[in-house]
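**Student:** As input, take target22.txt (compact mmCIF, C-alpha atoms and all ligand atoms):
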```
# COMPACT_ATOMS: atom_id res chain seq x y z
CA MET L 21 36.09 -21.48 36.37
CA GLY L 22 35.50 -24.08 33.63
CA ASN L 23 35.08 -22.85 30.10
CA ARG L 24 31.46 -23.85 29.89
CA ARG L 25 30.56 -22.14 33.14
CA GLN L 26 32.41 -19.04 32.06
CA PHE L 27 30.51 -19.06 28.78
CA LEU L 28 27.14 -19.46 30.48
CA GLN L 29 27.87 -16.70 32.94
CA ALA L 30 29.03 -14.42 30.15
CA SER L 31 25.92 -15.03 28.11
CA MET L 32 23.60 -14.52 31.07
CA LEU L 33 25.29 -11.26 31.93
CA ALA L 34 25.23 -10.06 28.36
CA THR L 35 21.55 -10.96 28.00
CA ALA L 36 20.77 -9.00 31.12
CA GLY L 37 22.67 -6.06 29.66
CA ALA L 38 25.23 -6.16 32.47
CA ILE L 39 28.89 -5.27 32.08
CA LEU L 40 31.02 -8.35 31.58
CA PRO L 41 33.92 -9.08 33.91
CA GLN L 42 37.24 -8.03 32.46
CA GLY L 43 38.65 -10.51 30.00
CA VAL L 44 35.30 -12.29 29.40
CA ALA L 45 34.17 -11.69 25.84
CA ALA L 46 30.44 -11.73 25.15
CA PRO L 47 29.53 -14.63 22.86
CA LYS L 48 28.59 -13.36 19.44
CA THR L 49 25.16 -14.98 19.64
CA SER L 50 24.23 -13.67 23.06
CA GLY L 51 20.68 -12.33 22.94
CA ALA L 52 20.42 -12.89 19.18
CA ARG L 53 17.21 -14.40 17.86
CA VAL L 54 15.26 -14.58 14.62
CA VAL L 55 11.57 -15.33 14.09
CA SER L 56 9.72 -15.83 10.80
CA THR L 57 6.17 -16.43 9.66
CA TRP L 58 4.81 -19.80 8.53
CA ASP L 59 6.54 -23.15 8.21
CA PHE L 60 8.86 -21.92 5.47
CA GLY L 61 10.11 -19.55 8.17
CA VAL L 62 12.32 -22.44 9.28
CA GLY L 63 14.34 -22.16 6.08
CA ALA L 64 14.42 -18.38 6.24
CA ASN L 65 15.69 -18.49 9.83
CA ALA L 66 18.34 -21.05 8.87
CA ALA L 67 19.58 -18.61 6.23
CA ALA L 68 19.47 -15.66 8.63
CA TRP L 69 21.05 -17.33 11.66
CA PRO L 70 24.65 -17.65 10.38
CA VAL L 71 24.70 -13.86 9.97
CA LEU L 72 23.68 -13.38 13.62
CA ALA L 73 25.96 -16.20 14.79
CA ARG L 74 29.03 -14.47 13.43
CA GLY L 75 28.05 -11.24 15.14
CA GLY L 76 26.46 -9.68 12.05
CA SER L 77 23.65 -7.14 12.03
CA ALA L 78 19.96 -7.87 12.36
CA LEU L 79 19.49 -5.99 9.09
CA ASP L 80 21.83 -8.30 7.15
CA ALA L 81 20.19 -11.29 8.83
CA VAL L 82 16.63 -10.42 7.80
CA GLU L 83 17.74 -9.69 4.25
CA ALA L 84 19.45 -13.09 4.05
CA GLY L 85 16.34 -14.82 5.39
CA ALA L 86 14.01 -13.00 3.00
CA ARG L 87 16.27 -13.76 0.03
CA TRP L 88 16.10 -17.44 0.92
CA ALA L 89 12.29 -17.36 0.79
CA GLU L 90 12.31 -15.40 -2.48
CA ALA L 91 14.47 -18.08 -4.09
CA ASP L 92 12.49 -21.02 -2.68
CA LEU L 93 11.22 -23.02 -5.63
CA CYS L 94 8.42 -24.60 -3.57
CA ASN L 95 6.78 -21.37 -2.50
CA ALA L 96 3.85 -20.14 -4.60
CA THR L 97 3.34 -17.07 -2.43
CA VAL L 98 6.74 -15.40 -2.22
CA GLY L 99 9.32 -14.46 -4.83
CA ARG L 100 10.16 -16.13 -8.09
CA CYS L 101 7.64 -19.00 -7.85
CA GLY L 102 4.74 -16.82 -6.75
CA ASN L 103 1.31 -16.98 -8.34
CA PRO L 104 0.46 -14.11 -10.69
CA ASP L 105 -2.36 -11.57 -10.70
CA ARG L 106 -5.59 -12.13 -12.66
CA ASP L 107 -3.86 -11.02 -15.87
CA GLY L 108 -1.13 -13.60 -15.44
CA VAL L 109 1.50 -11.07 -14.36
CA LEU L 110 3.71 -11.85 -11.36
CA THR L 111 4.23 -8.72 -9.25
CA LEU L 112 6.30 -8.71 -6.08
CA ASP L 113 6.13 -6.53 -2.95
CA ALA L 114 8.77 -6.21 -0.23
CA SER L 115 9.95 -3.97 2.58
CA ILE L 116 12.86 -3.81 4.99
CA MET L 117 13.32 -1.71 8.12
CA ASP L 118 15.77 -1.30 10.95
CA GLY L 119 15.16 -0.21 14.51
CA ASP L 120 16.44 3.30 13.89
CA GLY L 121 13.56 3.95 11.51
CA ARG L 122 15.48 3.51 8.26
CA CYS L 123 13.27 1.75 5.75
CA GLY L 124 12.82 0.94 2.08
CA ALA L 125 10.17 -0.78 0.00
CA VAL L 126 9.18 -1.83 -3.50
CA ALA L 127 5.72 -2.65 -4.78
CA ALA L 128 4.36 -4.26 -7.95
CA LEU L 129 7.90 -5.07 -9.04
CA GLU L 130 8.17 -7.34 -12.10
CA ASP L 131 10.94 -9.68 -13.24
CA ILE L 132 13.45 -8.99 -10.50
CA ALA L 133 14.19 -12.03 -8.34
CA HIS L 134 15.06 -10.35 -5.03
CA PRO L 135 12.66 -7.52 -4.20
CA VAL L 136 13.90 -7.36 -0.58
CA SER L 137 17.38 -6.41 -1.77
CA VAL L 138 15.92 -3.77 -4.09
CA ALA L 139 13.97 -2.46 -1.06
CA ARG L 140 17.24 -2.25 0.85
CA ALA L 141 18.85 -0.38 -2.03
CA VAL L 142 15.92 2.07 -2.01
CA MET L 143 16.59 2.59 1.70
CA GLU L 144 20.32 3.02 1.39
CA LYS L 145 20.80 4.67 -1.97
CA THR L 146 17.85 6.98 -2.50
CA PRO L 147 16.21 9.77 -0.53
CA HIS L 148 12.90 7.85 -0.85
CA VAL L 149 11.16 5.05 1.01
CA MET L 150 9.17 3.30 -1.71
CA LEU L 151 9.40 2.73 -5.46
CA VAL L 152 6.68 1.01 -7.47
CA GLY L 153 6.14 -0.75 -10.80
CA GLN L 154 8.20 0.37 -13.77
CA GLY L 155 10.15 2.89 -11.71
CA ALA L 156 11.14 0.24 -9.18
CA GLN L 157 12.28 -2.06 -11.97
CA GLN L 158 14.22 0.71 -13.69
CA PHE L 159 15.97 1.51 -10.40
CA ALA L 160 16.74 -2.17 -9.77
CA VAL L 161 18.32 -2.61 -13.19
CA ALA L 162 20.36 0.57 -12.72
CA GLN L 163 21.60 -0.90 -9.42
CA GLY L 164 22.78 -4.04 -11.21
CA PHE L 165 19.88 -6.41 -10.48
CA GLU L 166 19.25 -8.77 -13.36
CA LYS L 167 15.94 -8.47 -15.20
CA THR L 168 14.64 -11.94 -15.93
CA PRO L 169 11.18 -13.42 -16.62
CA LEU L 170 10.06 -15.02 -13.36
CA LEU L 171 6.65 -16.59 -13.93
CA THR L 172 7.08 -20.36 -13.65
CA GLU L 173 5.28 -22.90 -15.81
CA GLN L 174 3.57 -24.22 -12.69
CA ALA L 175 2.25 -20.77 -11.77
CA ARG L 176 1.08 -20.22 -15.35
CA ARG L 177 -0.81 -23.52 -15.25
CA ALA L 178 -2.40 -22.65 -11.89
CA TRP L 179 -3.51 -19.30 -13.31
CA ARG L 180 -5.03 -20.96 -16.40
CA GLU L 181 -6.93 -23.35 -14.11
CA TRP L 182 -8.17 -20.43 -12.04
CA LEU L 183 -9.38 -18.63 -15.20
CA LYS L 184 -11.62 -21.60 -16.06
CA THR L 185 -13.87 -21.05 -13.05
CA SER L 186 -13.19 -17.57 -11.78
CA ARG L 187 -15.10 -15.48 -14.34
CA TYR L 188 -12.05 -13.19 -14.05
CA GLU L 189 -13.13 -11.90 -10.66
CA PRO L 190 -10.11 -10.89 -8.59
CA GLN L 191 -9.65 -12.59 -5.26
CA ILE L 192 -9.60 -9.35 -3.42
CA ASN L 193 -13.04 -9.19 -1.98
CA ALA L 194 -12.80 -11.15 1.23
CA GLU L 195 -16.52 -11.71 1.60
CA ARG L 196 -16.72 -13.81 -1.55
CA GLN L 197 -14.22 -16.47 -0.68
CA ALA L 198 -14.01 -19.48 1.57
CA ARG L 199 -10.91 -18.20 3.35
CA PRO L 200 -8.77 -15.59 1.61
CA GLY L 201 -5.37 -15.27 3.16
CA ASP L 202 -4.99 -18.88 4.19
CA LYS L 203 -2.17 -21.18 3.17
CA THR L 204 -3.73 -22.08 -0.18
CA ASN L 205 -3.93 -18.52 -1.40
CA HIS L 206 -1.23 -16.33 0.02
CA ASP L 207 1.39 -16.39 2.74
CA THR L 208 4.04 -13.79 3.26
CA LEU L 209 7.49 -14.20 4.68
CA GLY L 210 7.75 -11.76 7.57
CA ILE L 211 11.06 -12.01 9.41
CA LEU L 212 12.20 -10.18 12.56
CA ALA L 213 15.64 -10.34 14.13
CA ARG L 214 17.53 -9.09 17.16
CA ASP L 215 21.30 -9.15 16.94
CA ALA L 216 23.83 -9.53 19.75
CA GLN L 217 24.15 -5.75 19.97
CA GLY L 218 20.43 -5.55 20.72
CA ARG L 219 19.57 -3.96 17.36
CA LEU L 220 16.30 -4.97 15.71
CA ALA L 221 15.36 -5.28 12.04
CA GLY L 222 12.60 -6.78 9.95
CA ALA L 223 11.72 -7.65 6.37
CA CYS L 224 8.56 -8.67 4.61
CA THR L 225 8.34 -10.16 1.10
CA THR L 226 5.47 -11.58 -0.93
CA SER L 227 3.90 -12.12 -4.32
CA GLY L 228 0.69 -10.94 -2.64
CA MET L 229 -2.76 -12.30 -3.11
CA ALA L 230 -2.98 -14.75 -5.99
CA TRP L 231 -5.20 -13.57 -8.90
CA LYS L 232 -5.37 -10.03 -7.51
CA LEU L 233 -6.28 -7.06 -9.72
CA HIS L 234 -3.28 -5.95 -11.74
CA GLY L 235 -1.70 -3.11 -9.76
CA ARG L 236 -3.03 -4.22 -6.37
CA VAL L 237 -0.54 -3.60 -3.57
CA GLY L 238 -0.96 -5.32 -0.22
CA ASP L 239 0.38 -4.53 3.21
CA SER L 240 3.81 -6.14 2.92
CA PRO L 241 5.63 -3.15 1.36
CA ILE L 242 3.71 -0.60 3.43
CA VAL L 243 5.76 0.41 6.44
CA GLY L 244 3.45 0.39 9.45
CA ALA L 245 1.03 -2.10 7.86
CA GLY L 246 3.03 -5.24 7.00
CA LEU L 247 6.16 -4.35 8.95
CA TYR L 248 7.29 -1.98 11.68
CA VAL L 249 10.46 -1.87 13.76
CA ASP L 250 11.56 0.39 16.59
CA ASN L 251 14.69 -0.34 18.66
CA GLU L 252 13.09 1.33 21.68
CA VAL L 253 10.20 -1.14 21.75
CA GLY L 254 10.18 -4.06 19.34
CA ALA L 255 9.15 -5.20 15.88
CA ALA L 256 6.06 -6.61 14.21
CA THR L 257 5.09 -8.13 10.89
CA ALA L 258 1.92 -9.50 9.35
CA SER L 259 0.53 -12.07 6.97
CA GLY L 260 -2.94 -12.68 5.59
CA VAL L 261 -5.38 -10.34 3.88
CA GLY L 262 -3.27 -7.22 3.50
CA GLU L 263 -6.20 -4.85 3.12
CA GLU L 264 -6.97 -5.40 6.83
CA MET L 265 -3.41 -4.57 7.89
CA ILE L 266 -3.51 -1.36 5.86
CA ARG L 267 -6.92 -0.37 7.29
CA ASN L 268 -5.57 -0.76 10.82
CA ALA L 269 -1.92 0.37 10.38
CA ALA L 270 -1.52 -2.99 12.02
CA SER L 271 2.20 -3.59 12.50
CA PHE L 272 2.60 -0.06 13.84
CA LEU L 273 -0.34 -0.74 16.13
CA VAL L 274 1.29 -3.92 17.48
CA VAL L 275 4.53 -2.06 18.21
CA GLU L 276 2.65 0.80 19.88
CA LEU L 277 0.73 -1.67 22.05
CA MET L 278 4.06 -3.17 23.14
CA ARG L 279 5.24 0.37 23.91
CA GLN L 280 2.26 0.69 26.24
CA GLY L 281 3.38 -2.42 28.11
CA ARG L 282 1.71 -5.36 26.33
CA SER L 283 3.73 -8.51 25.74
CA PRO L 284 4.29 -9.39 22.06
CA MET L 285 1.47 -11.95 22.20
CA GLU L 286 -0.96 -9.60 23.95
CA ALA L 287 -0.16 -6.86 21.46
CA CYS L 288 -0.83 -9.19 18.51
CA ARG L 289 -4.06 -10.35 20.12
CA GLU L 290 -5.30 -6.82 20.68
CA ALA L 291 -4.53 -5.90 17.07
CA ILE L 292 -6.53 -8.93 15.92
CA ASP L 293 -9.40 -7.80 18.20
CA ARG L 294 -9.31 -4.46 16.40
CA VAL L 295 -9.67 -6.20 13.02
CA VAL L 296 -12.61 -8.26 14.29
CA ARG L 297 -14.37 -5.28 15.87
CA LYS L 298 -14.16 -3.29 12.66
CA ARG L 299 -15.30 -6.09 10.32
CA PRO L 300 -16.87 -8.89 12.37
CA GLU L 301 -18.58 -10.68 9.48
CA ALA L 302 -15.64 -10.53 7.09
CA SER L 303 -13.36 -11.70 9.90
CA LYS L 304 -15.07 -15.08 9.90
CA ARG L 305 -13.93 -15.73 6.36
CA MET L 306 -10.40 -14.43 6.08
CA GLN L 307 -7.06 -15.03 7.72
CA VAL L 308 -5.03 -12.28 9.42
CA CYS L 309 -1.88 -13.09 11.42
CA PHE L 310 0.60 -11.04 13.43
CA LEU L 311 4.08 -11.91 14.68
CA ALA L 312 5.99 -9.67 17.08
CA MET L 313 9.22 -9.54 19.02
CA ASN L 314 10.08 -7.06 21.75
CA LYS L 315 13.44 -5.40 22.22
CA ASP L 316 14.51 -8.15 24.64
CA GLY L 317 13.90 -10.82 22.02
CA GLU L 318 10.65 -12.18 23.49
CA ALA L 319 8.38 -13.27 20.64
CA GLY L 320 4.63 -13.82 20.34
CA ALA L 321 1.96 -14.22 17.69
CA PHE L 322 -1.79 -14.25 17.25
CA ALA L 323 -4.09 -14.99 14.32
CA LEU L 324 -7.73 -14.62 13.41
CA HIS L 325 -8.01 -18.30 12.51
CA LYS L 326 -6.26 -21.44 13.57
CA GLY L 327 -3.36 -22.55 11.38
CA PHE L 328 -0.80 -19.76 11.67
CA VAL L 329 2.63 -20.95 12.76
CA TYR L 330 5.94 -19.19 13.17
CA ALA L 331 9.51 -20.40 13.42
CA MET L 332 12.10 -19.26 15.96
CA HIS L 333 15.86 -19.71 15.95
CA ASP L 334 18.36 -18.63 18.59
CA ALA L 335 21.47 -19.92 20.32
CA SER L 336 19.63 -22.06 22.84
CA PRO L 337 20.51 -25.74 22.73
CA GLY L 338 18.21 -28.19 21.00
CA PRO L 339 16.57 -28.34 17.60
CA HIS L 340 16.56 -25.06 15.78
CA ASP L 341 13.53 -25.60 13.67
CA ARG L 342 10.89 -25.21 16.32
CA LEU L 343 7.50 -24.19 14.93
CA HIS L 344 5.15 -22.39 17.29
CA ASP L 345 1.38 -22.42 16.88
CA ALA L 346 -0.17 -19.01 17.21
CA ALA L 347 -3.33 -18.76 19.28
CA SER L 348 -6.37 -17.62 17.33
CA VAL L 349 -9.81 -16.11 17.73
CA TYR L 350 -11.57 -18.78 15.74
CA ARG L 351 -10.65 -22.29 16.71
CA THR L 352 -12.00 -24.25 13.76
CA GLU L 353 -10.69 -24.32 10.21
CA GLN L 354 -14.16 -23.63 8.82
CA THR L 355 -16.23 -21.07 10.67
N1 LIG D 1 -0.34 -9.93 3.27
C1 LIG D 1 -0.01 -10.25 1.93
C2 LIG D 1 -0.85 -9.46 1.00
O1 LIG D 1 -1.99 -9.18 1.30
C3 LIG D 1 -0.14 -11.65 1.55
C4 LIG D 1 -0.11 -12.70 2.63
O2 LIG D 1 0.43 -12.52 3.66
O3 LIG D 1 -0.62 -13.76 2.45
O4 LIG D 1 -0.37 -9.15 -0.07
```
Take the structure in this file and express it as structure tokens.
Ligand code: ASP

**Tutor:**
Amino acid sequence: MGNRRQFLQASMLATAGAILPQGVAAPKTSGARVVSTWDFGVGANAAAWPVLARGGSALDAVEAGARWAEADLCNATVGRCGNPDRDGVLTLDASIMDGDGRCGAVAALEDIAHPVSVARAVMEKTPHVMLVGQGAQQFAVAQGFEKTPLLTEQARRAWREWLKTSRYEPQINAERQARPGDKTNHDTLGILARDAQGRLAGACTTSGMAWKLHGRVGDSPIVGAGLYVDNEVGAATASGVGEEMIRNAASFLVVELMRQGRSPMEACREAIDRVVRKRPEASKRMQVCFLAMNKDGEAGAFALHKGFVYAMHDASPGPHDRLHDAASVYRTEQT
């Protein structure tokens, strides 16, 4: 049997969960896949993939992807270049979870560049799940994370511009805005991975809603709202107006719908239906997006409004920066 044929057969067998013939090693990438929210998900996946490609864990992969987004100097909605709250303070939220239910999170963290890694340290080094504000920062510093002022000049300028017309009203009340949660205001990096051993993990990291009330925490660090992972079923993450995800325990809901037999896309769609049913009027003016992957690595997404894309990367041949458009309830940009 030629090498290529042997490889293909091995990967098909491994994907199907079958036992490989003696002497045929499973390729390290077999069944591995990573998906991430938004177009910057391409970069996050590119940072996560090498971990999966060398046979690393889904957990290490999602952390690597999230760290890439947190360091991205072009991203005003995640990490060090994020926009601040209405008082000009940049506060970061992040969570990380594996398919065995281990999880960690930080919220309203200031001046620490990689909240996802602090979230992982909370998970691995404390008996707790979430640390917030000063306490989270204190813990991070004790763990060796550098404390450094993060607010960029560009973000400061954007905030000053916002102050000129905002009358200091926080962008938290969905009904008052054109489209809170869309690309111009806030996008979160949600990243889900399946490794070659079939283990799942996810991470979610954000600077949250720009010009929010100081102390506001969104869905991203709330396990079950912005992120949920279960090896028995699949994983889900969210982006958009976090208050809606919290109201609906949305990522948990998506995973539970997959448990009941829905495909990832159907599960995301049904969760969006739930958001619309509860707040039909508000739903016309805000963005909410879900991305899910089941335990076999099948991915799907759905959004309230058109415009949500996700990136997928796996070992299949061809370009690895494919962006997928999520279907949506509302087809026009302005409804
Ligand atoms: N969901 C995040 C939040 O509400 C932000 C976003 O995804 O745009 O904080």

**Student:** Which one of L:Thr146, L:Gln154, L:Ser115, L:Asn314 sits closest to ligand LIG 1 (chain D) if you count only C-alpha atoms and all ligand atoms?

**Tutor:**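 Once distances to ligand LIG 1 (chain D) are computed over only C-alpha atoms and all ligand atoms, the minimum belongs to L:Ser115.
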
**Student:** Give me, please, the distance in Å between atom CA of Pro70 of chain L and atom CA of Ala223 of chain L, quoted to one decimal.

**Tutor:** 16.8 Å

**Student:** List every residue of chain L that has an atom at most 8 Å from any atom of ligand LIG 1 (chain D), and for each one report the closest atom pair and its distance in Å to one decimal, counting only C-alpha atoms and all ligand atoms, with rows sorted by chain and then by increasing residue number, as CSV.

**Tutor:**
```
residue,atom,partner,partner_atom,distance
L:Thr97,CA,D:LIG1,O3,7.1
L:Asp113,CA,D:LIG1,O4,7.6
L:Gly201,CA,D:LIG1,O3,5.0
L:Asp202,CA,D:LIG1,O3,7.0
L:Lys203,CA,D:LIG1,O3,7.6
L:Asn205,CA,D:LIG1,O3,7.0
L:His206,CA,D:LIG1,O3,3.6
L:Asp207,CA,D:LIG1,O3,3.3
L:Thr208,CA,D:LIG1,O2,3.8
L:Leu209,CA,D:LIG1,O2,7.3
L:Thr226,CA,D:LIG1,C3,6.1
L:Ser227,CA,D:LIG1,O4,6.7
L:Gly228,CA,D:LIG1,O4,3.3
L:Met229,CA,D:LIG1,O4,5.0
L:Val237,CA,D:LIG1,O4,6.6
L:Gly238,CA,D:LIG1,O4,3.9
L:Asp239,CA,D:LIG1,N1,5.4
L:Ser240,CA,D:LIG1,N1,5.6
L:Gly246,CA,D:LIG1,N1,6.9
L:Ala258,CA,D:LIG1,N1,6.5
L:Ser259,CA,D:LIG1,O2,3.3
L:Gly260,CA,D:LIG1,O2,3.9
L:Val261,CA,D:LIG1,O1,4.4
L:Gly262,CA,D:LIG1,O1,3.2
L:Glu263,CA,D:LIG1,O1,6.3
L:Met265,CA,D:LIG1,N1,7.7
L:Val308,CA,D:LIG1,O2,7.9
```

**Student:** Neighbours of Leu79 of chain L within 10 Å (all atoms listed in the file; same-chain residues fewer than 6 positions away dropped), as a PDB file with C-alpha atoms, in the coordinates of the input?

**Tutor:**
```
ATOM      1  CA  ALA L  68      19.470 -15.660   8.630  1.00  0.00           C
ATOM      2  CA  VAL L  71      24.700 -13.860   9.970  1.00  0.00           C
ATOM      3  CA  LEU L  72      23.680 -13.380  13.620  1.00  0.00           C
ATOM      4  CA  ILE L 116      12.860  -3.810   4.990  1.00  0.00           C
ATOM      5  CA  MET L 117      13.320  -1.710   8.120  1.00  0.00           C
ATOM      6  CA  ASP L 118      15.770  -1.300  10.950  1.00  0.00           C
ATOM      7  CA  GLY L 119      15.160  -0.210  14.510  1.00  0.00           C
ATOM      8  CA  ARG L 140      17.240  -2.250   0.850  1.00  0.00           C
ATOM      9  CA  LEU L 212      12.200 -10.180  12.560  1.00  0.00           C
ATOM     10  CA  ALA L 213      15.640 -10.340  14.130  1.00  0.00           C
ATOM     11  CA  ARG L 214      17.530  -9.090  17.160  1.00  0.00           C
ATOM     12  CA  ASP L 215      21.300  -9.150  16.940  1.00  0.00           C
ATOM     13  CA  ARG L 219      19.570  -3.960  17.360  1.00  0.00           C
ATOM     14  CA  LEU L 220      16.300  -4.970  15.710  1.00  0.00           C
ATOM     15  CA  ALA L 221      15.360  -5.280  12.040  1.00  0.00           C
ATOM     16  CA  GLY L 222      12.600  -6.780   9.950  1.00  0.00           C
ATOM     17  CA  ALA L 223      11.720  -7.650   6.370  1.00  0.00           C
TER      18      ALA L 223
END
```

**Student:** So that I can check the surroundings of Leu277 of chain L, please list as a PDB file with C-alpha atoms, in the coordinates of the input every protein, DNA and RNA residue that reaches within 12 Å of it, counting all atoms listed in the file and ignoring chain neighbours fewer than 2 positions away.

**Tutor:**
```
ATOM      1  CA  VAL L 253      10.200  -1.140  21.750  1.00  0.00           C
ATOM      2  CA  GLY L 254      10.180  -4.060  19.340  1.00  0.00           C
ATOM      3  CA  ALA L 255       9.150  -5.200  15.880  1.00  0.00           C
ATOM      4  CA  ALA L 256       6.060  -6.610  14.210  1.00  0.00           C
ATOM      5  CA  ALA L 270      -1.520  -2.990  12.020  1.00  0.00           C
ATOM      6  CA  SER L 271       2.200  -3.590  12.500  1.00  0.00           C
ATOM      7  CA  PHE L 272       2.600  -0.060  13.840  1.00  0.00           C
ATOM      8  CA  LEU L 273      -0.340  -0.740  16.130  1.00  0.00           C
ATOM      9  CA  VAL L 274       1.290  -3.920  17.480  1.00  0.00           C
ATOM     10  CA  VAL L 275       4.530  -2.060  18.210  1.00  0.00           C
ATOM     11  CA  ARG L 279       5.240   0.370  23.910  1.00  0.00           C
ATOM     12  CA  GLN L 280       2.260   0.690  26.240  1.00  0.00           C
ATOM     13  CA  GLY L 281       3.380  -2.420  28.110  1.00  0.00           C
ATOM     14  CA  ARG L 282       1.710  -5.360  26.330  1.00  0.00           C
ATOM     15  CA  SER L 283       3.730  -8.510  25.740  1.00  0.00           C
ATOM     16  CA  PRO L 284       4.290  -9.390  22.060  1.00  0.00           C
ATOM     17  CA  MET L 285       1.470 -11.950  22.200  1.00  0.00           C
ATOM     18  CA  GLU L 286      -0.960  -9.600  23.950  1.00  0.00           C
ATOM     19  CA  ALA L 287      -0.160  -6.860  21.460  1.00  0.00           C
ATOM     20  CA  CYS L 288      -0.830  -9.190  18.510  1.00  0.00           C
ATOM     21  CA  ARG L 289      -4.060 -10.350  20.120  1.00  0.00           C
ATOM     22  CA  GLU L 290      -5.300  -6.820  20.680  1.00  0.00           C
ATOM     23  CA  ALA L 291      -4.530  -5.900  17.070  1.00  0.00           C
ATOM     24  CA  ILE L 292      -6.530  -8.930  15.920  1.00  0.00           C
ATOM     25  CA  ARG L 294      -9.310  -4.460  16.400  1.00  0.00           C
ATOM     26  CA  ALA L 312       5.990  -9.670  17.080  1.00  0.00           C
ATOM     27  CA  MET L 313       9.220  -9.540  19.020  1.00  0.00           C
ATOM     28  CA  ASN L 314      10.080  -7.060  21.750  1.00  0.00           C
TER      29      ASN L 314
END
```

**Student:** Work out how far atom CA of Cys224 of chain L is from atom CA of Pro300 of chain L, in Å to one decimal.

**Tutor:**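 Between these atoms lies a distance of 26.6 Å.
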
**Student:** So how many Å separate atom CA of Gly75 of chain L and atom CA of Val136 of chain L, to one decimal?

**Tutor:**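 Atom-to-atom, atom CA of Gly75 of chain L and atom CA of Val136 of chain L are spaced 21.5 Å apart.
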
**Student:** I'd like the neighbourhood of His148 of chain L as a VMD selection string, where a residue qualifies if any of its atoms comes within 10 Å (using all atoms listed in the file), though same-chain residues fewer than 3 positions away should be ignored.

**Tutor:** chain L and resid 123 to 125 142 to 145 151

**Student:** Would you list the residues near (-1.3, -21.1, 15.5) (no more than 6 Å away, in the coordinates of the file, using all atoms listed in the file) as a PyMOL selection string?

**Tutor:** chain L and resi 326-329+345-347

**Student:** Please dump the current selection as an mmCIF file, keeping the file's coordinate frame; keep C-alpha atoms.

**Tutor:**
```cif
data_model
loop_
_atom_site.group_PDB
_atom_site.id
_atom_site.type_symbol
_atom_site.label_atom_id
_atom_site.label_comp_id
_atom_site.auth_asym_id
_atom_site.auth_seq_id
_atom_site.Cartn_x
_atom_site.Cartn_y
_atom_site.Cartn_z
ATOM 1 C CA LYS L 326 -6.260 -21.440 13.570
ATOM 2 C CA GLY L 327 -3.360 -22.550 11.380
ATOM 3 C CA PHE L 328 -0.800 -19.760 11.670
ATOM 4 C CA VAL L 329 2.630 -20.950 12.760
ATOM 5 C CA ASP L 345 1.380 -22.420 16.880
ATOM 6 C CA ALA L 346 -0.170 -19.010 17.210
ATOM 7 C CA ALA L 347 -3.330 -18.760 19.280
#
```

**Student:** Which residue, L:Gly85, L:Pro147, L:Pro337, L:Gly164, has the smallest gap to Ile132 of chain L when you use all atoms listed in the file?

**Tutor:** L:Gly164

**Student:** Using all atoms listed in the file for the distances, tell me which of L:Gly210, L:His134, L:Arg187, L:Ala160 is nearest to Thr57 of chain L.

**Tutor:**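 Using all atoms listed in the file, the shortest distance to Thr57 of chain L belongs to L:Gly210.
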
**Student:** For Thr257 of chain L, which of L:Ala230, L:Val243, L:Met150, L:Ala139 is the closest residue, counting all atoms listed in the file?

**Tutor:**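 Between L:Ala230, L:Val243, L:Met150, L:Ala139, the residue approaching Thr257 of chain L most closely is L:Val243.
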
**Student:** Determine the nearest neighbour of Ala127 of chain L from the options L:Val62, L:Ala319, L:Ile242, L:Ile266, counting only C-alpha atoms.

**Tutor:** L:Ile242

**Student:** Ranking L:Asn95, L:Thr168, L:Gln157, L:Gln217 by minimum distance to Asn251 of chain L and counting all atoms listed in the file, which one comes first?

**Tutor:**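 When distances to Asn251 of chain L are compared using all atoms listed in the file, the smallest one comes from L:Gln217.
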
**Student:** Add whatever atoms are absent from segment 251-257 of chain L to reach N, CA, C and O atoms, and provide the output as a PDB file, in the coordinates of the input.

**Tutor:**
```pdb
ATOM      1  N   ASN L 251      13.730   0.181  17.662  1.00  0.00           N
ATOM      2  CA  ASN L 251      14.690  -0.340  18.660  1.00  0.00           C
ATOM      3  C   ASN L 251      14.272  -0.067  20.101  1.00  0.00           C
ATOM      4  O   ASN L 251      14.664  -0.788  21.005  1.00  0.00           O
ATOM      5  N   GLU L 252      13.486   0.990  20.308  1.00  0.00           N
ATOM      6  CA  GLU L 252      13.090   1.330  21.680  1.00  0.00           C
ATOM      7  C   GLU L 252      12.060   0.359  22.234  1.00  0.00           C
ATOM      8  O   GLU L 252      11.855   0.262  23.434  1.00  0.00           O
ATOM      9  N   VAL L 253      11.362  -0.351  21.318  1.00  0.00           N
ATOM     10  CA  VAL L 253      10.200  -1.140  21.750  1.00  0.00           C
ATOM     11  C   VAL L 253      10.242  -2.585  21.244  1.00  0.00           C
ATOM     12  O   VAL L 253      10.244  -3.550  22.016  1.00  0.00           O
ATOM     13  N   GLY L 254      10.242  -2.736  19.939  1.00  0.00           N
ATOM     14  CA  GLY L 254      10.180  -4.060  19.340  1.00  0.00           C
ATOM     15  C   GLY L 254       9.817  -3.974  17.874  1.00  0.00           C
ATOM     16  O   GLY L 254       9.872  -2.905  17.270  1.00  0.00           O
ATOM     17  N   ALA L 255       9.428  -5.122  17.317  1.00  0.00           N
ATOM     18  CA  ALA L 255       9.150  -5.200  15.880  1.00  0.00           C
ATOM     19  C   ALA L 255       7.926  -6.067  15.648  1.00  0.00           C
ATOM     20  O   ALA L 255       7.622  -6.953  16.451  1.00  0.00           O
ATOM     21  N   ALA L 256       7.237  -5.801  14.537  1.00  0.00           N
ATOM     22  CA  ALA L 256       6.060  -6.610  14.210  1.00  0.00           C
ATOM     23  C   ALA L 256       5.941  -6.775  12.704  1.00  0.00           C
ATOM     24  O   ALA L 256       6.380  -5.912  11.936  1.00  0.00           O
ATOM     25  N   THR L 257       5.360  -7.900  12.309  1.00  0.00           N
ATOM     26  CA  THR L 257       5.090  -8.130  10.890  1.00  0.00           C
ATOM     27  C   THR L 257       3.763  -8.878  10.773  1.00  0.00           C
ATOM     28  O   THR L 257       3.201  -9.334  11.776  1.00  0.00           O
TER      29      THR L 257
END
```
